[in-house]
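Written out below as structure tokens is the structure these notes cover.
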Amino acid sequence: MIVLLAGAFLGAKNGAYSQVLYISLGAIGLPIFAQTADGTMGLARLIGPTGGYLLAFPVAAYLVGLLTEKNQKYLTVIISMFIAELIVVLVGTSYLYAAYLHNFIDAVKAGAAIFTVWMVVKVFAAATIYFAVSKNNRDYHSHIYRID
């Protein structure tokens, strides 16, 4: 969800940069990636089964930021977040297939199907947060700069 919010709040370039920074910090060994059962850390995570998902984060954040900068209507933000999530899942699943499972059906079961419901929840939660914070921010600034 943070990938989506980074793009929406920071914009295309800064959202992507934030994800490159996140990946870089994790790659050098800082314990910032989600924990896995095998306990791998650092660069091993980027070449491990979850590497494709992680490497897609900057692209996803950039896409959300780009579309949100152009149009901040609810439907546009929702669609941009869904497309970004699909990119992460498609890249991650493709990497899982090519590097590890070598069976497309198994890769989809392990790397995409389990995320479908959570993807919908995540997108609507991220959009709700984005609009709640953006509305409060707009209301705050319009109140401060209002001339009575």
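Ligands are numbered from 1 in the order shown, chains are lettered A, B, ... in the order of the structure tokens, and residues start at 1 in each chain.
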Problem - All residues 9 Å or closer to segment 53-55 of chain A, only C-alpha atoms, same chain fewer than 6 positions away omitted, as an MDAnalysis selection string - result: chainID A and resid 19:20 23 45:46 87:93 95
Exercise for the section: Can you pull out every residue within 10 Å of Tyr74 of chain A, counting only C-alpha atoms, but drop anything in the same chain fewer than 4 positions away, and send it as number ranges by chain? Expected result: A: 68, 78-80, 127-128, 130-131
Problem - Residues within 9 Å of Tyr62 of chain A, only C-alpha atoms, excluding chain neighbours under 3 positions, as number ranges by chain - result: A: 6-8, 11-17, 57-59, 65-67, 84
Just to be explicit: take each residue in the selection above, keep C-alpha atoms, and write the result as a PDB file, in the first residue's frame.
```
ATOM      1  CA  ALA A   6       4.203   7.104  -2.312  1.00  0.00           C
ATOM      2  CA  GLY A   7       3.242   7.636  -5.931  1.00  0.00           C
ATOM      3  CA  ALA A   8       0.008   9.457  -5.102  1.00  0.00           C
ATOM      4  CA  GLY A  11       4.326  12.336  -7.510  1.00  0.00           C
ATOM      5  CA  ALA A  12       5.836  10.260 -10.275  1.00  0.00           C
ATOM      6  CA  LYS A  13       9.545  10.994  -9.899  1.00  0.00           C
ATOM      7  CA  ASN A  14       9.744  11.316  -6.124  1.00  0.00           C
ATOM      8  CA  GLY A  15       7.452   8.338  -5.624  1.00  0.00           C
ATOM      9  CA  ALA A  16       9.723   6.193  -7.808  1.00  0.00           C
ATOM     10  CA  TYR A  17      12.833   7.577  -6.076  1.00  0.00           C
ATOM     11  CA  PHE A  57       7.804  -1.020  -6.873  1.00  0.00           C
ATOM     12  CA  PRO A  58       9.471   2.041  -8.482  1.00  0.00           C
ATOM     13  CA  VAL A  59       7.557   1.520 -11.732  1.00  0.00           C
ATOM     14  CA  GLY A  65       2.193   9.456  -9.414  1.00  0.00           C
ATOM     15  CA  LEU A  66       2.056  10.231 -13.126  1.00  0.00           C
ATOM     16  CA  LEU A  67      -1.660   9.537 -13.456  1.00  0.00           C
ATOM     17  CA  ALA A  84       0.135  -0.318 -10.535  1.00  0.00           C
TER      18      ALA A  84
END
```
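In this model, the gap between atom CA of Ala110 of chain A and atom CA of Val77 of chain A comes to 27.9 Å.
The space between atom CA of Glu69 of chain A and atom CA of Leu4 of chain A spans 13.2 Å.
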Pick out each residue of segment 8-134 of chain A that DSSP on the backbone tags as helix (DSSP H, G or I); I need them as a PDB file with C-alpha atoms, in the first residue's frame.
```pdb
ATOM      1  CA  ALA A   8       0.008   9.457  -5.102  1.00  0.00           C
ATOM      2  CA  PHE A   9       1.482  11.793  -2.482  1.00  0.00           C
ATOM      3  CA  LEU A  10       5.015  12.297  -3.790  1.00  0.00           C
ATOM      4  CA  GLY A  11       4.326  12.336  -7.510  1.00  0.00           C
ATOM      5  CA  ALA A  12       5.836  10.260 -10.275  1.00  0.00           C
ATOM      6  CA  LYS A  13       9.545  10.994  -9.899  1.00  0.00           C
ATOM      7  CA  ASN A  14       9.744  11.316  -6.124  1.00  0.00           C
ATOM      8  CA  GLY A  15       7.452   8.338  -5.624  1.00  0.00           C
ATOM      9  CA  ALA A  16       9.723   6.193  -7.808  1.00  0.00           C
ATOM     10  CA  TYR A  17      12.833   7.577  -6.076  1.00  0.00           C
ATOM     11  CA  SER A  18      11.362   6.685  -2.686  1.00  0.00           C
ATOM     12  CA  GLN A  19      10.966   3.082  -3.813  1.00  0.00           C
ATOM     13  CA  VAL A  20      14.477   2.953  -5.265  1.00  0.00           C
ATOM     14  CA  LEU A  21      15.729   4.198  -1.886  1.00  0.00           C
ATOM     15  CA  TYR A  22      13.644   1.563  -0.089  1.00  0.00           C
ATOM     16  CA  ILE A  23      15.011  -1.226  -2.299  1.00  0.00           C
ATOM     17  CA  SER A  24      18.568   0.086  -1.972  1.00  0.00           C
ATOM     18  CA  LEU A  25      18.390   0.230   1.822  1.00  0.00           C
ATOM     19  CA  GLY A  26      16.989  -3.285   1.927  1.00  0.00           C
ATOM     20  CA  ALA A  27      19.607  -4.529  -0.547  1.00  0.00           C
ATOM     21  CA  LEU A  43      20.628  -8.477  -1.847  1.00  0.00           C
ATOM     22  CA  ALA A  44      19.484 -12.096  -1.519  1.00  0.00           C
ATOM     23  CA  ARG A  45      15.911 -10.790  -1.297  1.00  0.00           C
ATOM     24  CA  LEU A  46      16.233  -9.127  -4.696  1.00  0.00           C
ATOM     25  CA  ILE A  47      17.398 -12.324  -6.357  1.00  0.00           C
ATOM     26  CA  GLY A  51      12.679 -10.013  -6.066  1.00  0.00           C
ATOM     27  CA  GLY A  52      10.400  -9.370  -9.016  1.00  0.00           C
ATOM     28  CA  TYR A  53       7.749  -7.802  -6.822  1.00  0.00           C
ATOM     29  CA  LEU A  54      10.269  -5.542  -5.094  1.00  0.00           C
ATOM     30  CA  LEU A  55      11.882  -4.455  -8.351  1.00  0.00           C
ATOM     31  CA  ALA A  56       8.474  -3.457  -9.749  1.00  0.00           C
ATOM     32  CA  PHE A  57       7.804  -1.020  -6.873  1.00  0.00           C
ATOM     33  CA  PRO A  58       9.471   2.041  -8.482  1.00  0.00           C
ATOM     34  CA  VAL A  59       7.557   1.520 -11.732  1.00  0.00           C
ATOM     35  CA  ALA A  60       4.278   1.163  -9.843  1.00  0.00           C
ATOM     36  CA  ALA A  61       4.876   4.284  -7.744  1.00  0.00           C
ATOM     37  CA  TYR A  62       5.874   6.236 -10.860  1.00  0.00           C
ATOM     38  CA  LEU A  63       2.701   5.188 -12.675  1.00  0.00           C
ATOM     39  CA  VAL A  64       0.395   6.136  -9.799  1.00  0.00           C
ATOM     40  CA  GLY A  65       2.193   9.456  -9.414  1.00  0.00           C
ATOM     41  CA  LEU A  66       2.056  10.231 -13.126  1.00  0.00           C
ATOM     42  CA  LEU A  67      -1.660   9.537 -13.456  1.00  0.00           C
ATOM     43  CA  THR A  68      -2.524  11.246 -10.172  1.00  0.00           C
ATOM     44  CA  GLU A  69      -0.572  14.367 -11.151  1.00  0.00           C
ATOM     45  CA  LYS A  70      -2.638  14.582 -14.336  1.00  0.00           C
ATOM     46  CA  TYR A  74     -11.491   9.345  -7.634  1.00  0.00           C
ATOM     47  CA  LEU A  75     -11.909   6.974 -10.579  1.00  0.00           C
ATOM     48  CA  THR A  76      -8.537   7.935 -12.072  1.00  0.00           C
ATOM     49  CA  VAL A  77      -6.752   7.378  -8.780  1.00  0.00           C
ATOM     50  CA  ILE A  78      -8.461   4.007  -8.277  1.00  0.00           C
ATOM     51  CA  ILE A  79      -7.637   2.881 -11.826  1.00  0.00           C
ATOM     52  CA  SER A  80      -4.029   4.035 -11.541  1.00  0.00           C
ATOM     53  CA  MET A  81      -3.624   2.128  -8.286  1.00  0.00           C
ATOM     54  CA  PHE A  82      -5.143  -1.037  -9.772  1.00  0.00           C
ATOM     55  CA  ILE A  83      -2.870  -0.827 -12.800  1.00  0.00           C
ATOM     56  CA  ALA A  84       0.135  -0.318 -10.535  1.00  0.00           C
ATOM     57  CA  GLU A  85      -0.845  -3.334  -8.430  1.00  0.00           C
ATOM     58  CA  LEU A  86      -1.282  -5.415 -11.571  1.00  0.00           C
ATOM     59  CA  ILE A  87       2.190  -4.401 -12.736  1.00  0.00           C
ATOM     60  CA  VAL A  88       3.716  -5.486  -9.418  1.00  0.00           C
ATOM     61  CA  VAL A  89       1.876  -8.817  -9.494  1.00  0.00           C
ATOM     62  CA  LEU A  90       2.631  -9.465 -13.176  1.00  0.00           C
ATOM     63  CA  VAL A  91       6.342  -8.649 -12.863  1.00  0.00           C
ATOM     64  CA  GLY A  92       6.637 -10.564  -9.595  1.00  0.00           C
ATOM     65  CA  THR A  93       4.802 -13.606 -10.909  1.00  0.00           C
ATOM     66  CA  SER A  94       6.762 -13.576 -14.176  1.00  0.00           C
ATOM     67  CA  TYR A  95      10.032 -13.451 -12.243  1.00  0.00           C
ATOM     68  CA  LEU A  96       8.848 -16.239  -9.947  1.00  0.00           C
ATOM     69  CA  TYR A  97       7.989 -18.340 -13.000  1.00  0.00           C
ATOM     70  CA  ALA A  98      11.217 -17.653 -14.907  1.00  0.00           C
ATOM     71  CA  ALA A  99      13.689 -17.903 -12.033  1.00  0.00           C
ATOM     72  CA  TYR A 100      12.143 -20.438  -9.682  1.00  0.00           C
ATOM     73  CA  LEU A 101       9.031 -22.418 -10.490  1.00  0.00           C
ATOM     74  CA  PHE A 104       3.262 -20.939 -15.180  1.00  0.00           C
ATOM     75  CA  ILE A 105       0.205 -22.344 -13.371  1.00  0.00           C
ATOM     76  CA  ASP A 106       2.211 -22.888 -10.180  1.00  0.00           C
ATOM     77  CA  ALA A 107       3.641 -19.375 -10.450  1.00  0.00           C
ATOM     78  CA  VAL A 108       0.171 -17.875 -10.809  1.00  0.00           C
ATOM     79  CA  LYS A 109      -1.134 -19.904  -7.856  1.00  0.00           C
ATOM     80  CA  ALA A 110       1.817 -18.975  -5.636  1.00  0.00           C
ATOM     81  CA  GLY A 111       2.476 -15.455  -6.867  1.00  0.00           C
ATOM     82  CA  ALA A 113      -3.917 -15.714  -7.061  1.00  0.00           C
ATOM     83  CA  ILE A 114      -3.251 -15.309  -3.350  1.00  0.00           C
ATOM     84  CA  PHE A 115      -3.029 -11.531  -3.738  1.00  0.00           C
ATOM     85  CA  THR A 116      -6.228 -10.819  -5.667  1.00  0.00           C
ATOM     86  CA  VAL A 117      -8.573 -10.135  -2.749  1.00  0.00           C
ATOM     87  CA  TRP A 118      -5.911  -8.232  -0.825  1.00  0.00           C
ATOM     88  CA  MET A 119      -5.125  -6.183  -3.913  1.00  0.00           C
ATOM     89  CA  VAL A 120      -8.700  -4.893  -4.036  1.00  0.00           C
ATOM     90  CA  VAL A 121      -8.703  -4.131  -0.305  1.00  0.00           C
ATOM     91  CA  LYS A 122      -5.304  -2.429  -0.540  1.00  0.00           C
ATOM     92  CA  VAL A 123      -6.305  -0.211  -3.470  1.00  0.00           C
ATOM     93  CA  PHE A 124      -9.504   1.011  -1.843  1.00  0.00           C
ATOM     94  CA  ALA A 125      -7.752   1.549   1.499  1.00  0.00           C
ATOM     95  CA  ALA A 126      -4.932   3.493  -0.187  1.00  0.00           C
ATOM     96  CA  ALA A 127      -7.403   5.622  -2.153  1.00  0.00           C
ATOM     97  CA  THR A 128      -9.402   6.325   1.006  1.00  0.00           C
ATOM     98  CA  ILE A 129      -6.252   7.420   2.846  1.00  0.00           C
ATOM     99  CA  TYR A 130      -5.114   9.515  -0.099  1.00  0.00           C
ATOM    100  CA  PHE A 131      -8.399  11.385  -0.426  1.00  0.00           C
ATOM    101  CA  ALA A 132      -8.852  11.831   3.325  1.00  0.00           C
ATOM    102  CA  VAL A 133      -5.395  13.328   3.746  1.00  0.00           C
ATOM    103  CA  SER A 134      -5.565  15.330   0.507  1.00  0.00           C
TER     104      SER A 134
END
```
Practice task
Figure out the distance between atom CA of Thr40 of chain A and atom CA of Leu5 of chain A, please, to one decimal in Å.
Solution key: 26.4 Å
